[in-house]
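Dropping run_23.csv in here (CSV, C-alpha atoms and all ligand atoms):
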chain,number,residue,atom,x,y,z
I,33,MET,CA,-79.6,158.6,-9.0
I,34,LYS,CA,-76.6,156.7,-10.3
I,35,HIS,CA,-73.5,158.3,-11.8
I,36,MET,CA,-73.2,157.5,-15.5
I,37,ILE,CA,-70.0,159.4,-16.1
I,38,GLU,CA,-67.1,160.1,-13.8
I,39,LEU,CA,-63.9,162.0,-14.4
I,40,ARG,CA,-61.2,161.3,-11.7
I,41,ASN,CA,-58.3,163.7,-11.5
I,42,VAL,CA,-58.3,164.2,-15.3
I,43,HIS,CA,-55.4,166.1,-16.8
I,44,LYS,CA,-54.9,166.9,-20.5
I,45,ASN,CA,-51.7,168.3,-22.0
I,46,TYR,CA,-51.0,169.3,-25.5
I,47,GLN,CA,-47.4,169.1,-26.8
I,48,LEU,CA,-46.6,172.1,-29.0
I,49,GLY,CA,-43.1,171.6,-30.1
I,50,ASP,CA,-40.9,171.9,-27.0
I,51,TYR,CA,-43.7,173.4,-25.1
I,52,VAL,CA,-46.3,171.6,-23.1
I,53,LEU,CA,-49.7,173.2,-22.7
I,54,HIS,CA,-51.4,172.0,-19.6
I,55,VAL,CA,-55.1,172.5,-20.5
I,56,LEU,CA,-56.9,170.4,-17.9
I,57,LYS,CA,-55.4,170.3,-14.4
I,58,GLY,CA,-57.1,167.7,-12.3
I,59,ILE,CA,-60.8,167.6,-13.1
I,60,ASN,CA,-63.1,165.7,-10.9
I,61,LEU,CA,-66.6,165.5,-12.2
I,62,ARG,CA,-69.5,163.1,-11.7
I,63,ILE,CA,-72.5,163.3,-14.0
I,64,ARG,CA,-75.8,161.8,-12.9
I,65,GLU,CA,-78.4,160.1,-15.0
I,66,GLY,CA,-81.0,162.6,-16.3
I,67,GLU,CA,-79.3,165.8,-15.0
I,68,ARG,CA,-78.9,169.0,-16.9
I,69,LEU,CA,-75.4,170.3,-16.4
I,70,ALA,CA,-74.0,173.6,-17.8
I,71,ILE,CA,-70.3,174.3,-18.2
I,72,LEU,CA,-69.2,177.9,-18.0
I,73,GLY,CA,-65.9,179.6,-18.3
I,74,LYS,CA,-63.8,182.1,-20.3
I,75,SER,CA,-62.5,181.3,-23.8
I,76,GLY,CA,-59.5,179.0,-23.5
I,77,SER,CA,-60.4,177.8,-20.0
I,78,GLY,CA,-60.7,174.2,-21.3
I,79,LYS,CA,-64.4,173.7,-21.7
I,80,SER,CA,-64.4,172.0,-25.1
I,81,THR,CA,-61.4,169.9,-24.0
I,82,LEU,CA,-63.3,168.8,-21.0
I,83,LEU,CA,-66.4,167.9,-23.1
I,84,ASN,CA,-64.2,165.8,-25.4
I,85,MET,CA,-63.1,163.8,-22.3
I,86,VAL,CA,-66.7,163.3,-21.2
I,87,GLY,CA,-67.6,162.2,-24.7
I,88,VAL,CA,-64.5,159.9,-24.9
I,89,LEU,CA,-63.5,161.6,-28.1
I,90,ASP,CA,-60.0,162.0,-26.7
I,91,ASN,CA,-57.8,160.4,-24.0
I,92,PRO,CA,-56.7,162.1,-20.8
I,93,THR,CA,-53.0,162.5,-20.4
I,94,ARG,CA,-53.5,161.5,-16.8
I,95,GLY,CA,-56.4,160.4,-14.7
I,96,ASP,CA,-59.4,158.2,-15.4
I,97,VAL,CA,-62.8,158.4,-17.1
I,98,PHE,CA,-65.5,155.9,-16.1
I,99,ILE,CA,-68.7,155.3,-18.0
I,100,ASP,CA,-71.3,153.3,-16.0
I,101,GLY,CA,-68.5,152.4,-13.6
I,102,LYS,CA,-66.2,151.0,-16.3
I,103,ASN,CA,-62.8,152.5,-16.9
I,104,VAL,CA,-62.6,153.7,-20.4
I,105,SER,CA,-58.9,153.1,-20.6
I,106,GLN,CA,-59.6,149.4,-20.4
I,107,MET,CA,-61.9,149.3,-23.4
I,108,THR,CA,-60.9,148.3,-26.9
I,109,GLU,CA,-61.1,150.8,-29.7
I,110,ASN,CA,-64.1,148.9,-31.0
I,111,GLN,CA,-65.9,149.1,-27.7
I,112,LEU,CA,-65.2,152.8,-27.5
I,113,ALA,CA,-66.6,153.4,-31.0
I,114,ARG,CA,-69.8,151.6,-30.0
I,115,LEU,CA,-70.0,153.6,-26.8
I,116,ARG,CA,-69.6,156.9,-28.6
I,117,GLY,CA,-72.0,155.9,-31.3
I,118,LYS,CA,-74.7,154.5,-29.1
I,119,LYS,CA,-74.6,156.1,-25.7
I,120,ILE,CA,-73.5,159.6,-26.5
I,121,GLY,CA,-74.9,162.2,-28.9
I,122,PHE,CA,-72.9,165.3,-29.9
I,123,VAL,CA,-74.2,168.7,-30.9
I,124,PHE,CA,-71.7,171.3,-32.0
I,125,GLN,CA,-71.7,175.1,-32.4
I,126,PHE,CA,-71.4,174.9,-36.2
I,127,PHE,CA,-73.9,172.0,-36.7
I,128,HIS,CA,-71.5,169.8,-38.8
I,129,LEU,CA,-74.2,168.7,-41.2
I,130,ILE,CA,-73.2,167.0,-44.5
I,131,PRO,CA,-74.1,169.7,-47.1
I,132,SER,CA,-74.7,167.1,-49.9
I,133,MET,CA,-77.2,165.1,-47.9
I,134,ASN,CA,-80.8,166.1,-47.1
I,135,VAL,CA,-82.2,166.4,-43.6
I,136,LEU,CA,-83.4,162.8,-43.4
I,137,GLN,CA,-80.1,161.4,-44.7
I,138,ASN,CA,-78.2,163.5,-42.2
I,139,VAL,CA,-80.3,162.2,-39.3
I,140,LEU,CA,-79.9,158.6,-40.5
I,141,LEU,CA,-76.1,158.8,-40.9
I,142,PRO,CA,-75.0,157.7,-37.3
I,143,MET,CA,-77.4,154.8,-37.6
I,144,THR,CA,-75.9,153.6,-40.9
I,145,PHE,CA,-72.6,153.3,-39.1
I,146,PHE,CA,-74.2,150.4,-37.3
I,147,GLY,CA,-75.6,148.9,-40.5
I,148,LYS,CA,-79.2,150.0,-39.9
I,149,LYS,CA,-81.6,152.4,-41.6
I,150,ASP,CA,-84.9,153.1,-39.8
I,151,VAL,CA,-86.5,155.8,-41.8
I,152,ASN,CA,-89.7,155.9,-39.7
I,153,LYS,CA,-87.7,156.4,-36.6
I,154,ALA,CA,-85.8,159.3,-38.2
I,155,LYS,CA,-89.0,160.9,-39.2
I,156,LYS,CA,-90.4,160.5,-35.7
I,157,ILE,CA,-87.4,162.2,-34.2
I,158,LEU,CA,-87.6,165.0,-36.8
I,159,ARG,CA,-91.2,165.6,-35.7
I,160,LEU,CA,-90.0,165.6,-32.1
I,161,VAL,CA,-87.6,168.5,-32.9
I,162,GLY,CA,-90.3,170.3,-34.9
I,163,LEU,CA,-89.0,169.5,-38.4
I,164,GLY,CA,-91.4,167.0,-39.7
I,165,HIS,CA,-92.1,169.3,-42.6
I,166,ARG,CA,-88.4,169.7,-43.6
I,167,ILE,CA,-87.2,166.1,-44.1
I,168,GLU,CA,-86.3,166.5,-47.8
I,169,TYR,CA,-84.7,169.9,-47.4
I,170,MET,CA,-80.9,170.4,-47.9
I,171,PRO,CA,-79.0,172.0,-45.0
I,172,ARG,CA,-78.4,175.2,-47.0
I,173,GLN,CA,-82.2,175.7,-47.3
I,174,LEU,CA,-82.6,175.8,-43.6
I,175,SER,CA,-82.3,178.5,-41.0
I,176,GLY,CA,-79.5,178.2,-38.4
I,177,GLY,CA,-82.0,177.1,-35.7
I,178,GLU,CA,-83.4,174.5,-38.0
I,179,ARG,CA,-79.9,173.2,-38.8
I,180,GLN,CA,-79.2,172.9,-35.2
I,181,ARG,CA,-82.4,171.0,-34.6
I,182,VAL,CA,-81.4,168.6,-37.4
I,183,ALA,CA,-78.1,168.2,-35.5
I,184,ILE,CA,-80.0,167.4,-32.4
I,185,ALA,CA,-82.2,164.9,-34.2
I,186,ARG,CA,-79.0,163.3,-35.6
I,187,ALA,CA,-77.6,163.1,-32.1
I,188,LEU,CA,-80.8,161.3,-31.0
I,189,ILE,CA,-81.0,158.7,-33.7
I,190,ASN,CA,-79.2,155.9,-31.8
I,191,ASP,CA,-81.1,156.5,-28.5
I,192,PRO,CA,-78.2,158.0,-26.5
I,193,GLU,CA,-78.3,158.3,-22.8
I,194,ILE,CA,-76.5,161.6,-22.8
I,195,VAL,CA,-76.3,164.5,-25.2
I,196,LEU,CA,-73.2,166.8,-25.1
I,197,ALA,CA,-73.6,170.2,-26.7
I,198,ASP,CA,-70.8,172.7,-27.3
I,199,GLU,CA,-72.3,176.2,-27.5
I,200,PRO,CA,-75.4,174.9,-29.3
I,201,THR,CA,-77.0,178.4,-29.5
I,202,GLY,CA,-73.7,180.3,-30.0
I,203,ASN,CA,-74.5,181.0,-33.6
I,204,LEU,CA,-78.2,181.6,-33.4
I,205,ASP,CA,-80.4,184.5,-33.0
I,206,SER,CA,-82.4,184.6,-29.8
I,207,LYS,CA,-85.6,183.1,-31.3
I,208,SER,CA,-83.8,180.2,-32.9
I,209,GLY,CA,-81.8,179.8,-29.8
I,210,LYS,CA,-84.9,179.5,-27.8
I,211,GLN,CA,-86.3,176.8,-30.1
I,212,VAL,CA,-83.1,174.8,-29.8
I,213,LEU,CA,-83.1,175.2,-26.0
I,214,ASP,CA,-86.7,174.1,-25.8
I,215,THR,CA,-85.9,171.0,-27.9
I,216,LEU,CA,-83.0,170.1,-25.6
I,217,LEU,CA,-85.2,170.5,-22.5
I,218,LYS,CA,-87.9,168.4,-24.1
I,219,ILE,CA,-85.6,165.5,-24.8
I,220,ASN,CA,-84.3,165.7,-21.2
I,221,LYS,CA,-87.8,165.7,-19.8
I,222,GLN,CA,-89.5,163.2,-22.1
I,223,ASN,CA,-86.6,160.7,-22.7
I,224,ASN,CA,-84.6,161.4,-19.5
I,225,ILE,CA,-81.6,162.2,-21.6
I,226,THR,CA,-78.7,163.7,-19.6
I,227,LEU,CA,-77.6,167.1,-20.9
I,228,VAL,CA,-74.2,168.6,-20.7
I,229,ILE,CA,-74.1,172.0,-22.3
I,230,ILE,CA,-71.2,174.4,-22.7
I,231,THR,CA,-72.8,177.8,-23.0
I,232,HIS,CA,-72.6,181.5,-22.2
I,233,ASP,CA,-76.3,181.8,-22.8
I,234,VAL,CA,-78.1,182.9,-19.6
I,235,SER,CA,-81.4,181.6,-20.9
I,236,ILE,CA,-79.8,178.1,-21.0
I,237,THR,CA,-78.0,178.2,-17.7
I,238,LYS,CA,-81.2,179.3,-15.9
I,239,LYS,CA,-82.8,176.0,-17.0
I,240,MET,CA,-80.0,173.7,-15.9
I,241,ASN,CA,-79.9,172.0,-12.5
I,242,ARG,CA,-76.1,172.3,-12.0
I,243,ILE,CA,-73.5,174.8,-13.3
I,244,VAL,CA,-69.8,174.2,-13.1
I,245,TYR,CA,-67.4,177.1,-13.7
I,246,MET,CA,-64.0,176.5,-15.3
I,247,LYS,CA,-60.9,178.6,-15.0
I,248,ASP,CA,-57.5,177.8,-16.3
I,249,GLY,CA,-58.2,174.1,-16.7
I,250,LYS,CA,-59.8,173.6,-13.3
I,251,ILE,CA,-63.3,173.5,-11.9
I,252,VAL,CA,-63.3,176.5,-9.6
I,253,LYS,CA,-66.9,176.7,-8.6
I,254,GLU,CA,-70.1,174.6,-8.7
I,255,ARG,CA,-73.6,175.6,-8.2
I,256,CYS,CA,-76.5,173.2,-7.7
I,257,LYS,CA,-80.2,174.1,-7.9
I,258,LYS,CA,-82.8,172.0,-6.0
R,301,LIG,N1,-55.7,170.0,-30.2
R,301,LIG,C1,-55.1,171.0,-29.6
R,301,LIG,N2,-53.8,171.2,-29.7
R,301,LIG,C2,-53.2,172.2,-29.0
R,301,LIG,N3,-53.8,173.0,-28.1
R,301,LIG,C3,-55.1,172.9,-28.0
R,301,LIG,C4,-55.9,171.9,-28.7
R,301,LIG,N4,-57.2,172.0,-28.4
R,301,LIG,C5,-57.2,173.0,-27.5
R,301,LIG,N5,-56.0,173.6,-27.3
R,301,LIG,C6,-55.7,174.7,-26.4
R,301,LIG,O1,-56.3,174.4,-25.1
R,301,LIG,C7,-56.8,175.5,-24.5
R,301,LIG,C8,-58.2,175.3,-24.1
R,301,LIG,O2,-59.0,175.0,-25.3
R,301,LIG,P1,-60.5,174.7,-25.3
R,301,LIG,O3,-61.0,174.6,-26.7
R,301,LIG,O4,-60.8,173.6,-24.4
R,301,LIG,O5,-61.1,176.1,-24.6
R,301,LIG,P2,-62.6,176.6,-24.4
R,301,LIG,O6,-62.8,176.9,-23.0
R,301,LIG,O7,-63.5,175.6,-25.1
R,301,LIG,O8,-62.6,177.9,-25.2
R,301,LIG,P3,-63.8,178.6,-26.1
R,301,LIG,O9,-64.8,179.2,-25.2
R,301,LIG,O10,-63.0,179.7,-26.9
R,301,LIG,O11,-64.4,177.6,-27.0
R,301,LIG,C9,-56.6,176.7,-25.5
R,301,LIG,O12,-55.5,177.4,-25.1
R,301,LIG,C10,-56.4,175.9,-26.8
R,301,LIG,O13,-55.6,176.7,-27.7
R,302,MG,MG,-64.8,175.7,-26.8
Let's see the structure in the file written out as structure tokens.
Ligand SMILES: Nc1ncnc2c1ncn2[C@@H]1O[C@H](COP(=O)(O)OP(=O)(O)OP(=O)(O)O)[C@@H](O)[C@H]1O
Ligand SMILES: [Mg+2]
Amino acid sequence: MKHMIELRNVHKNYQLGDYVLHVLKGINLRIREGERLAILGKSGSGKSTLLNMVGVLDNPTRGDVFIDGKNVSQMTENQLARLRGKKIGFVFQFFHLIPSMNVLQNVLLPMTFFGKKDVNKAKKILRLVGLGHRIEYMPRQLSGGERQRVAIARALINDPEIVLADEPTGNLDSKSGKQVLDTLLKINKQNNITLVIITHDVSITKKMNRIVYMKDGKIVKERCKK
């Protein structure tokens, strides 16, 4: 398997007035095509910051990020926007749906950024996540688990190669959490989409093939299964 994303000695600092907060302290991480990776660690250990680096949402202070062997620092802002929009899908803890748009419109949104609008494709993806019967609902009319599956559908609309999820079940009851997990596993299996999930949820970590543990901005342990 080839490596689609590689972080080499990545550091991230935040400047808070006179004080520099050293959040990531030399992260080396290679993510393979089709793998399911979990990131664990205590609150404040730098997990979300790391995911932002993997998703090219933010620049490292030091070190390099490579996507398909290409150094991200050598790409233009335009290339980066395309990369984020097309290759990478994001799923967040609090869903981030647009409340004034219905389910279908929410799912289509990342596609409209590229000047396209394929309603049939959006409907097909909504069926894939088990929401074919909810396309005209507004987010407020959905359960938490349904909202998160809309967010997953939205993350899939541009055929990403990788989906990054920051505590996707953190705000869900266990039944909804299971539906969300099943949906993520399904897209990994059926579409060979790489998954990187930050989670405390043991039912998720059990299903991943690699777990990295973070502590104080470093990867301190790594566990691979099969
Ligand atoms: N934009 C920012 N500006 C300043 N400090 C930040 C910023 N983002 C994160 N931090 C700080 O960096 C540290 C790591 O934050 P991060 O969000 O990566 O942690 P985390 O492991 O995801 O925690 P949690 O499990 O609570 O989500 C924290 O101390 C946080 O306050
Ligand atoms: Mg976090």
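Of the residues listed (I:Asn110, I:Asn224, I:Gln173, I:Thr144), I:Thr144 shows the shortest atom-to-atom separation from Arg186 (chain I); distances use only C-alpha atoms.
Pocket residues of ligand MG 302 (chain R), taken as those with any atom at most 7 Å away using only C-alpha atoms and all ligand atoms, are Ser75, Lys79, Ser80 and Asp198 of chain I.
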> Which residues form the shell of 9 Å around ligand LIG 301 (chain R) when you count all atoms listed in the file, given as an NGL selection string?
Replying inline: :I and (44-48 or 53-56 or 72-84 or 198-199 or 230-232 or 246-249)
> From the list I:His35, I:Arg62, I:Arg68, I:Arg114, which residue is nearest Pro192 (chain I) when using all atoms listed in the file?
Replying inline: I:Arg114
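For the atom pair formed by CA of Leu39 (chain I) and CA of Met143 (chain I), the distance is 27.8 Å, given to one decimal.
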What lies within 8 Å of region 240-242 of chain I using only C-alpha atoms, ignoring chain neighbours under 4 positions off, as an mmCIF file with C-alpha atoms, keeping the file's coordinate frame?
data_model
loop_
_atom_site.group_PDB
_atom_site.id
_atom_site.type_symbol
_atom_site.label_atom_id
_atom_site.label_comp_id
_atom_site.auth_asym_id
_atom_site.auth_seq_id
_atom_site.Cartn_x
_atom_site.Cartn_y
_atom_site.Cartn_z
ATOM 1 C CA GLU I 67 -79.300 165.800 -15.000
ATOM 2 C CA ARG I 68 -78.900 169.000 -16.900
ATOM 3 C CA LEU I 69 -75.400 170.300 -16.400
ATOM 4 C CA ALA I 70 -74.000 173.600 -17.800
ATOM 5 C CA ILE I 236 -79.800 178.100 -21.000
ATOM 6 C CA GLU I 254 -70.100 174.600 -8.700
ATOM 7 C CA ARG I 255 -73.600 175.600 -8.200
ATOM 8 C CA CYS I 256 -76.500 173.200 -7.700
ATOM 9 C CA LYS I 257 -80.200 174.100 -7.900
ATOM 10 C CA LYS I 258 -82.800 172.000 -6.000
#
>> Using only C-alpha atoms for the distances, tell me which of I:Ile99, I:Val151, I:Leu213, I:Ile59 is nearest to Ile37 (chain I).
In response: I:Ile99
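Distances from I:Ser175, I:Ser208, I:Ser235, I:Asn190 to Leu141 (chain I) were compared using only C-alpha atoms, and the smallest one belongs to I:Asn190.
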> Of the candidates I:Gly95, I:Pro142, I:Gly101, I:Pro131, which shows the shortest atom-to-atom distance to Gly117 (chain I), using only C-alpha atoms?
Replying inline: I:Pro142
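Closest approach to Asn134 (chain I) among I:Asp90, I:Glu168, I:Asp100, I:Glu38 is made by I:Glu168 (distances from only C-alpha atoms).
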I want to know what sits within 8 Å of Ile189 (chain I), based on all atoms listed in the file, with residues of the same chain fewer than 6 positions away left out; could you give that as a tab-separated table (two decimals) with C-alpha atoms, keeping the file's coordinate frame?
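Wrote selection.tsv, looks like this:
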chain	number	residue	atom	x	y	z
I	139	VAL	CA	-80.30	162.20	-39.30
I	140	LEU	CA	-79.90	158.60	-40.50
I	142	PRO	CA	-75.00	157.70	-37.30
I	143	MET	CA	-77.40	154.80	-37.60
I	153	LYS	CA	-87.70	156.40	-36.60
I	154	ALA	CA	-85.80	159.30	-38.20
I	157	ILE	CA	-87.40	162.20	-34.20
Which residues come within 10 Å of Asp205 (chain I), counting all atoms listed in the file, excluding same-chain residues fewer than 4 positions away, as a compact mmCIF listing (two decimals) with C-alpha atoms, in the frame of the given file?
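Output saved as selection-v3.txt:
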# COMPACT_ATOMS: atom_id res chain seq x y z
CA GLY I 176 -79.50 178.20 -38.40
CA GLY I 177 -82.00 177.10 -35.70
CA THR I 201 -77.00 178.40 -29.50
CA GLY I 209 -81.80 179.80 -29.80
CA LYS I 210 -84.90 179.50 -27.80
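One distance worth recording is that between CA of Ala197 (chain I) and CA of Pro171 (chain I), which is 19.2 Å.
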